[in-house]
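Here is the file my_file.txt (compact mmCIF, C-alpha atoms).
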```
# COMPACT_ATOMS: atom_id res chain seq x y z
CA MET A 1352 61.40 80.37 109.24
CA GLY A 1353 63.16 77.70 107.22
CA GLY A 1354 61.21 74.86 108.80
CA LEU A 1355 57.79 76.41 108.28
CA SER A 1356 55.45 75.32 105.52
CA MET A 1357 53.15 77.69 103.70
CA GLY A 1358 50.17 76.02 105.35
CA THR A 1359 51.59 76.65 108.83
CA THR A 1360 52.45 80.29 108.08
CA MET A 1361 49.01 81.00 106.61
CA GLU A 1362 47.23 79.18 109.42
CA GLN A 1363 49.21 81.17 112.01
CA LEU A 1364 48.39 84.39 110.21
CA ARG A 1365 44.72 83.51 109.90
CA GLU A 1366 44.54 82.68 113.62
CA ASP A 1367 46.33 85.87 114.56
CA LEU A 1368 44.12 88.09 112.42
CA LEU A 1369 40.87 86.50 113.59
CA ARG A 1370 42.00 86.74 117.20
CA ARG A 1371 42.66 90.45 116.74
CA GLY A 1372 39.17 91.01 115.31
CA VAL A 1373 39.97 91.51 111.61
CA PRO A 1374 36.83 90.72 109.56
CA GLY A 1375 36.69 87.18 108.14
CA THR A 1376 36.26 88.43 104.57
CA GLN A 1377 39.38 90.59 104.91
CA VAL A 1378 41.31 87.64 106.40
CA ARG A 1379 40.31 85.33 103.54
CA ARG A 1380 41.20 87.90 100.91
CA THR A 1381 44.60 88.63 102.47
CA ILE A 1382 45.45 84.93 102.83
CA ARG A 1383 44.45 84.28 99.24
CA GLU A 1384 46.62 87.12 97.96
CA LEU A 1385 49.57 85.99 100.09
CA GLU A 1386 49.24 82.39 98.87
CA ASP A 1387 49.21 83.62 95.28
CA HIS A 1388 52.23 85.77 96.06
CA VAL A 1389 54.19 82.80 97.43
CA ALA A 1390 53.19 80.67 94.44
CA ASP A 1391 54.43 83.37 92.03
CA ALA A 1392 57.66 83.85 93.98
CA ARG A 1393 58.30 80.09 94.02
CA LEU A 1394 57.90 79.83 90.26
CA ASP A 1395 60.24 82.78 89.78
CA LEU A 1396 62.84 81.36 92.13
CA GLU A 1397 62.65 77.92 90.53
CA SER A 1398 63.16 79.49 87.12
CA GLN A 1399 66.32 81.08 88.54
CA GLY A 1400 67.72 77.61 89.25
CA ASN A 1401 66.65 77.04 92.85
CA SER A 1402 65.38 73.60 93.87
CA PRO A 1403 61.64 73.44 94.64
CA ALA A 1404 62.34 73.10 98.37
CA ARG A 1405 64.76 76.03 98.42
CA ALA A 1406 62.42 78.13 96.28
CA ARG A 1407 59.57 77.49 98.73
CA GLU A 1408 61.79 78.38 101.67
CA LEU A 1409 63.03 81.60 100.05
CA ALA A 1410 59.54 82.62 98.94
CA LEU A 1411 58.24 82.27 102.49
CA GLU A 1412 61.22 84.13 103.91
CA ARG A 1413 60.62 87.03 101.55
CA LEU A 1414 56.94 87.13 102.38
CA GLY A 1415 57.69 87.82 106.04
CA GLU A 1416 56.82 86.06 109.28
CA ALA A 1417 53.18 85.53 110.20
CA GLY A 1418 53.48 87.70 113.32
CA THR A 1419 55.11 90.59 111.43
CA LEU A 1420 52.47 90.41 108.71
CA ALA A 1421 49.62 90.34 111.22
CA GLU A 1422 51.16 93.34 112.97
CA SER A 1423 51.49 95.16 109.67
CA ILE A 1424 47.88 94.39 108.62
CA CYS A 1425 46.40 95.43 111.97
CA GLY A 1426 48.68 98.47 112.20
CA GLU A 1427 47.58 99.61 108.75
CA LEU A 1428 43.91 99.19 109.69
CA GLY A 1429 44.43 100.76 113.10
CA GLN A 1430 45.98 103.92 111.76
CA ARG A 1431 43.20 104.56 109.28
CA THR A 1432 40.60 106.00 111.61
CA TRP A 1433 40.33 108.06 114.74
CA PRO A 1434 38.98 105.14 116.85
CA GLY A 1435 41.87 103.02 115.63
CA ARG A 1436 44.43 105.61 116.72
CA HIS A 1437 42.72 106.46 120.02
CA PRO A 1438 40.91 103.31 121.15
CA LYS A 1439 40.65 104.32 124.82
CA LEU A 1440 39.26 107.78 124.12
CA SER A 1441 36.88 106.55 121.47
CA LEU A 1442 35.65 103.83 123.80
CA ALA A 1443 33.97 106.48 125.96
CA LEU A 1444 33.31 109.29 123.49
CA LEU A 1445 31.92 107.36 120.52
CA PRO A 1446 29.09 105.57 122.37
CA LEU A 1447 28.20 108.84 124.14
CA GLY A 1448 28.14 110.80 120.88
CA ILE A 1449 26.22 108.13 119.02
CA GLN A 1450 23.70 107.79 121.85
CA LEU A 1451 23.19 111.54 121.82
CA VAL A 1452 22.53 111.55 118.07
CA VAL A 1453 20.20 108.55 118.45
CA LEU A 1454 18.24 110.39 121.14
CA VAL A 1455 17.99 113.63 119.18
CA LEU A 1456 16.84 111.82 116.03
CA TRP A 1457 14.36 109.74 118.00
CA VAL A 1458 12.93 112.81 119.77
CA ILE A 1459 12.50 114.67 116.46
CA ALA A 1460 10.92 111.69 114.69
CA PHE A 1461 8.67 110.82 117.60
CA TYR A 1462 7.64 114.43 118.17
CA ALA A 1463 6.54 114.72 114.53
CA LEU A 1464 4.67 111.41 114.70
CA GLY A 1465 3.06 112.36 118.02
CA LYS A 1466 1.81 115.63 116.56
CA CYS A 1467 0.19 113.76 113.67
CA ALA A 1468 -1.37 111.21 116.04
CA GLN A 1469 -2.73 114.00 118.27
CA HIS A 1470 -4.17 115.77 115.26
CA LEU A 1471 -5.96 112.59 114.19
CA PHE A 1472 -7.25 111.94 117.72
CA LEU A 1473 -8.41 115.51 118.34
CA SER A 1474 -10.15 115.67 114.98
CA GLY A 1475 -12.03 112.49 115.90
CA THR A 1476 -10.50 110.30 113.18
CA MET A 1477 -8.87 108.01 115.74
CA ASP A 1478 -10.11 106.65 119.05
CA PHE A 1479 -8.09 106.83 122.28
CA ALA A 1480 -7.06 103.15 122.31
CA ARG A 1481 -5.70 103.39 118.79
CA TYR A 1482 -4.01 106.69 119.62
CA GLN A 1483 -2.23 105.09 122.60
CA SER A 1484 -1.24 101.97 120.65
CA LEU A 1485 0.12 104.04 117.80
CA LEU A 1486 2.21 106.13 120.18
CA SER A 1487 3.64 103.28 122.22
CA ILE A 1488 4.34 100.97 119.28
CA SER A 1489 5.89 103.68 117.13
CA ALA A 1490 7.96 105.01 120.06
CA GLY A 1491 9.38 101.54 120.69
CA ALA A 1492 9.96 100.76 117.03
CA LEU A 1493 11.60 104.13 116.33
CA TYR A 1494 13.90 103.88 119.33
CA LEU A 1495 14.84 100.31 118.48
CA THR A 1496 15.61 101.29 114.88
CA ALA A 1497 17.65 104.31 115.97
CA THR A 1498 19.60 102.20 118.47
CA ALA A 1499 20.27 99.53 115.86
CA LEU A 1500 21.47 102.15 113.36
CA GLY A 1501 23.69 103.77 115.99
CA ALA A 1502 25.16 100.40 116.96
CA ALA A 1503 25.73 99.48 113.31
CA PHE A 1504 27.55 102.78 112.76
CA LEU A 1505 29.71 102.23 115.85
CA LEU A 1506 30.58 98.69 114.72
CA TRP A 1507 31.34 99.94 111.22
CA LEU A 1508 33.74 102.50 112.68
CA HIS A 1509 35.47 99.82 114.74
CA ARG A 1510 35.63 97.44 111.79
CA ARG A 1511 37.07 100.16 109.57
CA GLY A 1512 39.49 101.15 112.30
CA ASN A 1513 41.59 98.79 114.30
CA GLY A 1514 39.30 95.79 114.12
CA SER A 1515 40.05 95.08 117.79
CA LEU A 1516 37.47 92.73 119.25
CA GLY A 1517 38.07 93.84 122.84
CA TRP A 1518 37.62 97.57 122.24
CA ALA A 1519 34.62 97.00 120.00
CA GLY A 1520 33.02 94.84 122.71
CA LEU A 1521 33.55 97.41 125.44
CA SER A 1522 32.36 100.24 123.23
CA ILE A 1523 29.19 98.46 122.12
CA GLY A 1524 28.52 97.35 125.71
CA LEU A 1525 28.65 100.96 126.81
CA LEU A 1526 26.27 101.95 124.01
CA SER A 1527 23.85 99.23 125.14
CA LEU A 1528 23.96 100.51 128.68
CA LEU A 1529 23.48 104.13 127.63
CA SER A 1530 20.59 103.10 125.43
CA LEU A 1531 18.90 101.40 128.37
CA ILE A 1532 19.52 104.31 130.75
CA CYS A 1533 18.41 107.02 128.31
CA LYS A 1534 15.19 105.39 127.25
CA TYR A 1535 14.50 104.76 130.92
CA TYR A 1536 14.13 108.48 131.49
CA LEU A 1537 12.16 109.33 128.40
CA GLY A 1538 8.48 108.79 128.79
CA ILE A 1539 5.43 109.10 126.60
CA SER A 1540 2.54 111.17 127.82
CA PRO A 1541 -0.77 109.45 127.17
CA GLU A 1542 -2.70 112.71 127.48
CA PRO A 1543 -3.72 114.05 124.09
CA GLY A 1544 -3.26 117.79 123.65
CA LYS A 1545 -0.11 117.83 125.81
CA SER A 1546 3.48 117.23 124.82
CA VAL A 1547 3.87 113.61 123.80
CA LEU A 1548 7.34 113.37 125.35
CA CYS A 1549 8.17 113.44 129.05
CA ILE A 1550 11.69 113.77 130.35
CA GLY A 1551 12.27 112.02 133.65
CA PRO A 1552 10.23 109.35 135.33
CA VAL A 1553 7.01 111.37 134.98
CA GLY A 1554 4.72 109.79 132.42
CA ASN A 1555 6.58 106.50 132.38
CA PRO A 1556 4.30 103.94 134.01
CA ASP A 1557 7.15 102.06 135.69
CA PRO A 1558 10.35 104.00 135.06
CA TYR A 1559 12.60 102.14 137.44
CA HIS A 1560 11.92 98.64 136.19
CA PRO A 1561 12.94 98.00 132.61
CA GLY A 1562 10.43 95.95 130.67
CA GLY A 1563 10.87 93.47 127.83
CA LEU A 1564 11.25 96.16 125.18
CA ASP A 1565 13.90 97.97 127.23
CA TRP A 1566 15.94 94.78 127.48
CA LEU A 1567 15.47 94.27 123.76
CA ARG A 1568 16.95 97.73 123.13
CA PHE A 1569 19.81 96.80 125.43
CA ALA A 1570 20.39 93.54 123.57
CA VAL A 1571 20.18 94.87 120.01
CA PRO A 1572 23.70 96.40 119.86
CA LEU A 1573 25.18 93.27 121.45
CA VAL A 1574 23.34 90.99 119.04
CA LEU A 1575 24.53 93.11 116.10
CA MET A 1576 28.08 92.83 117.33
CA ALA A 1577 27.76 89.06 117.76
CA LEU A 1578 26.51 88.82 114.16
CA ILE A 1579 29.16 91.08 112.66
CA TYR A 1580 32.05 89.59 114.65
CA ARG A 1581 30.69 86.02 114.55
CA GLU A 1582 33.80 84.55 112.91
CA ASN A 1583 36.14 86.23 115.39
CA ILE A 1584 33.99 85.27 118.38
CA ALA A 1585 33.65 81.67 117.15
CA HIS A 1586 37.42 81.54 116.73
CA ARG A 1587 37.96 82.77 120.29
CA LEU A 1588 35.46 80.29 121.65
CA ARG A 1589 37.12 77.42 119.79
CA ARG A 1590 40.50 78.48 121.16
CA SER A 1591 39.25 78.66 124.71
CA MET B 1468 55.58 99.35 104.20
CA ASN B 1469 53.42 101.82 106.00
CA SER B 1470 51.02 104.19 104.34
CA PRO B 1471 52.06 107.79 104.82
CA GLU B 1472 48.83 109.34 105.86
CA LYS B 1473 47.02 109.39 109.17
CA ARG B 1474 50.17 108.59 111.14
CA SER B 1475 50.66 110.22 114.47
CA ALA B 1476 54.43 110.38 114.01
CA PRO B 1477 55.20 110.76 110.32
CA SER B 1478 58.72 110.15 109.17
CA PHE B 1479 60.60 111.17 106.04
CA THR B 1480 60.21 107.75 104.47
CA ASN B 1481 56.50 107.49 105.14
CA GLY B 1482 55.50 108.71 101.68
CA VAL B 1483 57.82 106.38 99.78
CA PRO B 1484 55.76 103.17 99.49
CA LEU B 1485 52.62 105.06 98.52
CA LEU B 1486 54.45 107.18 95.97
CA LEU B 1487 56.13 104.12 94.43
CA ILE B 1488 52.93 102.11 94.21
CA LEU B 1489 51.01 105.02 92.73
CA LYS B 1490 53.76 105.64 90.19
CA LEU B 1491 53.88 101.99 89.13
CA LEU B 1492 50.11 101.66 88.88
CA ALA B 1493 49.95 104.85 86.80
CA GLN B 1494 51.83 102.92 84.09
CA LYS B 1495 49.59 99.82 84.06
CA GLU B 1496 47.39 97.71 86.30
CA MET B 1497 49.29 95.11 88.31
CA TYR B 1498 48.77 92.34 90.84
CA GLY B 1499 50.54 92.25 94.19
CA TYR B 1500 53.56 90.15 93.28
CA GLU B 1501 54.06 92.17 90.11
CA ILE B 1502 54.08 95.40 92.14
CA VAL B 1503 56.69 94.04 94.56
CA LYS B 1504 58.88 92.84 91.67
CA SER B 1505 58.52 96.20 89.94
CA ILE B 1506 59.49 98.06 93.14
CA HIS B 1507 62.63 95.91 93.45
CA GLN B 1508 63.49 96.49 89.79
CA ALA B 1509 62.72 100.20 89.79
CA THR B 1510 64.73 100.89 92.94
CA GLY B 1511 67.63 98.57 92.11
CA GLU B 1512 66.75 96.39 95.14
CA ALA B 1513 67.47 99.39 97.39
CA LEU B 1514 64.31 98.90 99.44
CA SER B 1515 64.01 95.91 101.70
CA PHE B 1516 60.68 94.98 103.28
CA PRO B 1517 58.63 91.86 104.00
CA GLU B 1518 56.90 91.37 100.66
CA GLY B 1519 53.59 90.43 102.28
CA SER B 1520 53.35 93.88 103.86
CA ILE B 1521 52.47 95.34 100.45
CA TYR B 1522 48.94 93.94 100.75
CA PRO B 1523 47.77 95.91 103.81
CA VAL B 1524 49.09 99.04 102.08
CA LEU B 1525 47.16 98.18 98.92
CA HIS B 1526 44.01 97.44 100.92
CA SER B 1527 44.37 100.72 102.77
CA MET B 1528 44.83 102.58 99.48
CA GLU B 1529 41.72 100.86 98.18
CA LEU B 1530 39.71 101.98 101.21
CA ASP B 1531 40.99 105.51 100.61
CA GLY B 1532 39.76 105.30 97.01
CA LEU B 1533 43.24 105.65 95.52
CA VAL B 1534 43.19 102.27 93.77
CA LYS B 1535 40.54 99.90 92.45
CA ASN B 1536 40.76 96.14 92.14
CA ALA B 1537 39.43 93.73 89.55
CA GLU B 1538 39.69 89.95 89.44
CA ARG B 1539 41.07 88.56 86.20
CA THR B 1540 41.89 85.04 85.10
CA VAL B 1541 45.29 84.89 83.45
CA GLN B 1542 46.72 81.55 82.27
CA GLY B 1543 44.20 79.67 84.35
CA ARG B 1544 44.95 81.58 87.55
CA LYS B 1545 42.65 84.10 89.17
CA ARG B 1546 44.48 87.25 90.19
CA LEU B 1547 43.46 90.48 91.84
CA TYR B 1548 44.68 93.33 89.69
CA TYR B 1549 45.03 96.84 91.11
CA SER B 1550 44.65 99.99 89.02
CA LEU B 1551 44.79 103.69 89.77
CA SER B 1552 41.60 105.69 90.30
CA THR B 1553 41.20 109.37 89.41
CA ARG B 1554 41.76 110.18 93.05
CA GLY B 1555 44.91 108.10 92.95
CA ARG B 1556 46.18 110.06 89.92
CA ASN B 1557 45.58 113.34 91.74
CA LYS B 1558 47.34 111.96 94.80
CA LEU B 1559 50.29 110.89 92.66
CA GLU B 1560 50.61 114.43 91.30
CA SER B 1561 50.53 116.03 94.74
CA LEU B 1562 52.93 113.48 96.25
CA THR B 1563 55.36 113.87 93.35
CA THR B 1564 55.43 117.64 93.84
CA GLU B 1565 55.92 117.17 97.57
CA TRP B 1566 58.67 114.60 97.05
CA ARG B 1567 60.52 116.87 94.57
CA LYS B 1568 60.49 119.65 97.16
CA VAL B 1569 61.76 117.35 99.93
CA SER B 1570 64.46 115.70 97.83
CA SER B 1571 65.75 119.00 96.42
CA GLY B 1572 65.84 120.38 99.98
CA VAL B 1573 67.75 117.36 101.26
CA ASN B 1574 70.15 117.48 98.30
CA LEU B 1575 70.75 121.14 98.98
CA ALA B 1576 71.40 120.47 102.65
CA LEU B 1577 73.86 117.69 101.79
CA GLY B 1578 75.68 120.00 99.38
CA TRP B 1579 74.74 117.97 96.27
CA GLY B 1580 72.81 120.79 94.64
CA ALA B 1581 69.08 120.79 94.02
```

What is this file in structure tokens?
Amino acid sequence: MGGLSMGTTMEQLREDLLRRGVPGTQVRRTIRELEDHVADARLDLESQGNSPARARELALERLGEAGTLAESICGELGQRTWPGRHPKLSLALLPLGIQLVVLVLWVIAFYALGKCAQHLFLSGTMDFARYQSLLSISAGALYLTATALGAAFLLWLHRRGNGSLGWAGLSIGLLSLLSLICKYYLGISPEPGKSVLCIGPVGNPDPYHPGGLDWLRFAVPLVLMALIYRENIAHRLRRS
Amino acid sequence: MNSPEKRSAPSFTNGVPLLLILKLLAQKEMYGYEIVKSIHQATGEALSFPEGSIYPVLHSMELDGLVKNAERTVQGRKRLYYSLSTRGRNKLESLTTEWRKVSSGVNLALGWGA
């Protein structure tokens, strides 16, 4: 790598890391540390009698090639977590598991809220219109929050793991799809005194045609991913 | 320089970089270049690795809570210094014990005595 300048090596490394999905903050920190390292090595080598040009060349040689360093950084990240070591398996299992937890938490939270709302309605504190609004708004908001939290956790796992943009995209896409399908089959019963939750199309006014809120739930994980991976996505778009 | 833990196919040398870094940081806090220089000095230049590969190992150790970092300005330059955490000290103890066992076993096998 005798002909390479520090700027070229660092730019190559930065490109490589961003392309692989390593977070921008991590890329900046690594580059900064490597630049400092080269600067220190150059000073040391110059003090040993090397010319500035030779010292720069040796310092860069010792640092390692951009490709090797990128491999080492991504390998280190990739081996840290289960998704990083088993990207294909985690692609299917993680979204399924997270969606299951999201559903269970949502059902528990909504069941408790529904019971309170029913109590208020049956005791005459709340009228039917308010009862219905409270149920539908809170059901939507709770499910949206749970989906967002689940997606954030999945993205955090991917970020902490291998940082791969492709696997993260597929995984979060699957979560979005599962979120849409699951909510599709969970309905809210408008009849006070009965169970507030319905499984299956029963109770859902139009179960086979997702509405605006359903599409919002579908979009939330994807939007979160776009926000979290914005630097990597922007880099890919620029390259293409 | 690969961290020893969480590897699917661990090798004998996997624990070496971690052990060396922990040992060096147990003496004093250091920045990346200082760690690499100290490894070369301490091992008599016996270990050869791309120097930049020390940083992913340090970052991984930081995520595992073994080391902490702090930015300091020394002679007008900002540097990221790494120091050992309590968890790192405990890890150093356990790795040292493990390494003693392995090296005495290997020495015994090679007929050099434990």

Sorted per-residue table, chain A near chain B, closest atoms and distance, 10 Å, all atoms listed in the file, as a Markdown table:
```
| residue | atom | partner | partner_atom | distance |
| --- | --- | --- | --- | --- |
| A:Gln1377 | CA | B:His1526 | CA | 9.2 |
| A:Arg1380 | CA | B:Leu1547 | CA | 9.7 |
| A:Thr1381 | CA | B:Tyr1522 | CA | 7.1 |
| A:Ile1382 | CA | B:Gly1519 | CA | 9.8 |
| A:Arg1383 | CA | B:Arg1546 | CA | 9.5 |
| A:Glu1384 | CA | B:Gly1499 | CA | 7.5 |
| A:Leu1385 | CA | B:Gly1519 | CA | 6.4 |
| A:Glu1386 | CA | B:Gly1519 | CA | 9.8 |
| A:Asp1387 | CA | B:Arg1546 | CA | 7.8 |
| A:His1388 | CA | B:Tyr1500 | CA | 5.4 |
| A:Val1389 | CA | B:Tyr1500 | CA | 8.5 |
| A:Ala1390 | CA | B:Tyr1500 | CA | 9.6 |
| A:Asp1391 | CA | B:Tyr1500 | CA | 6.9 |
| A:Ala1392 | CA | B:Tyr1500 | CA | 7.5 |
| A:Ala1410 | CA | B:Glu1518 | CA | 9.3 |
| A:Leu1411 | CA | B:Glu1518 | CA | 9.4 |
| A:Glu1412 | CA | B:Pro1517 | CA | 8.2 |
| A:Arg1413 | CA | B:Pro1517 | CA | 5.8 |
| A:Leu1414 | CA | B:Glu1518 | CA | 4.6 |
| A:Gly1415 | CA | B:Pro1517 | CA | 4.6 |
| A:Glu1416 | CA | B:Pro1517 | CA | 8.0 |
| A:Ala1417 | CA | B:Gly1519 | CA | 9.3 |
| A:Thr1419 | CA | B:Pro1517 | CA | 8.3 |
| A:Leu1420 | CA | B:Ser1520 | CA | 6.0 |
| A:Ala1421 | CA | B:Ser1520 | CA | 9.0 |
| A:Glu1422 | CA | B:Ser1520 | CA | 9.4 |
| A:Ser1423 | CA | B:Ser1520 | CA | 6.2 |
| A:Ile1424 | CA | B:Pro1523 | CA | 5.0 |
| A:Cys1425 | CA | B:Pro1523 | CA | 8.3 |
| A:Gly1426 | CA | B:Asn1469 | CA | 8.5 |
| A:Glu1427 | CA | B:Pro1523 | CA | 6.2 |
| A:Leu1428 | CA | B:Ser1527 | CA | 7.1 |
| A:Gly1429 | CA | B:Lys1473 | CA | 9.8 |
| A:Gln1430 | CA | B:Lys1473 | CA | 6.1 |
| A:Arg1431 | CA | B:Lys1473 | CA | 6.2 |
| A:Thr1432 | CA | B:Lys1473 | CA | 7.7 |
| A:Trp1433 | CA | B:Lys1473 | CA | 8.8 |
| A:Arg1436 | CA | B:Ser1475 | CA | 8.1 |
| A:Arg1511 | CA | B:Leu1530 | CA | 9.0 |
```

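Put simply, CA of Leu1394 in chain A is 8.9 Å away from CA of Arg1407 in chain A.
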
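Minimum atom-to-atom distance to Lys1535 in chain B, evaluated using only C-alpha atoms, belongs to B:Ser1552 out of B:Ser1571, B:Asn1557, B:Ser1552, B:Ser1505.
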
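Note that CA of Ala1570 in chain A and CA of Thr1498 in chain A are 10.1 Å apart.
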
Discussion item. Which polymer residues, whether protein, DNA or RNA, lie within 9 Å of the coordinate (47.8, 101.6, 86.8) when you count all atoms listed in the file? List them as a ChimeraX atom specification, using the chain letters and numbers from the file.
Written reply: /B:1489-1497,1534,1549-1552

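Candidate residues A:Pro1434, A:Pro1572, A:Gly1400, A:Gly1375 were compared for distance to Leu1526 in chain A, and the nearest is A:Pro1572, using only C-alpha atoms.
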
Practice prompt. For the point (54.3, 109.3, 99.7) in the file's frame, write as a PyMOL selection string all residues with an atom no more than 6 Å away, counting only C-alpha atoms.
Written response: chain B and resi 1471+1482-1483+1485-1486+1562

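CA of Pro1484 in chain B lies 10.9 Å from CA of Met1528 in chain B.
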
Discussion item. Just checking: using only C-alpha atoms, which residue out of A:Leu1506, A:Arg1371, A:Leu1473, A:Leu1396 ends up closest to Glu1408 in chain A?
Written reply: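 Among A:Leu1506, A:Arg1371, A:Leu1473, A:Leu1396, it is A:Leu1396 that comes nearest to Glu1408 in chain A.
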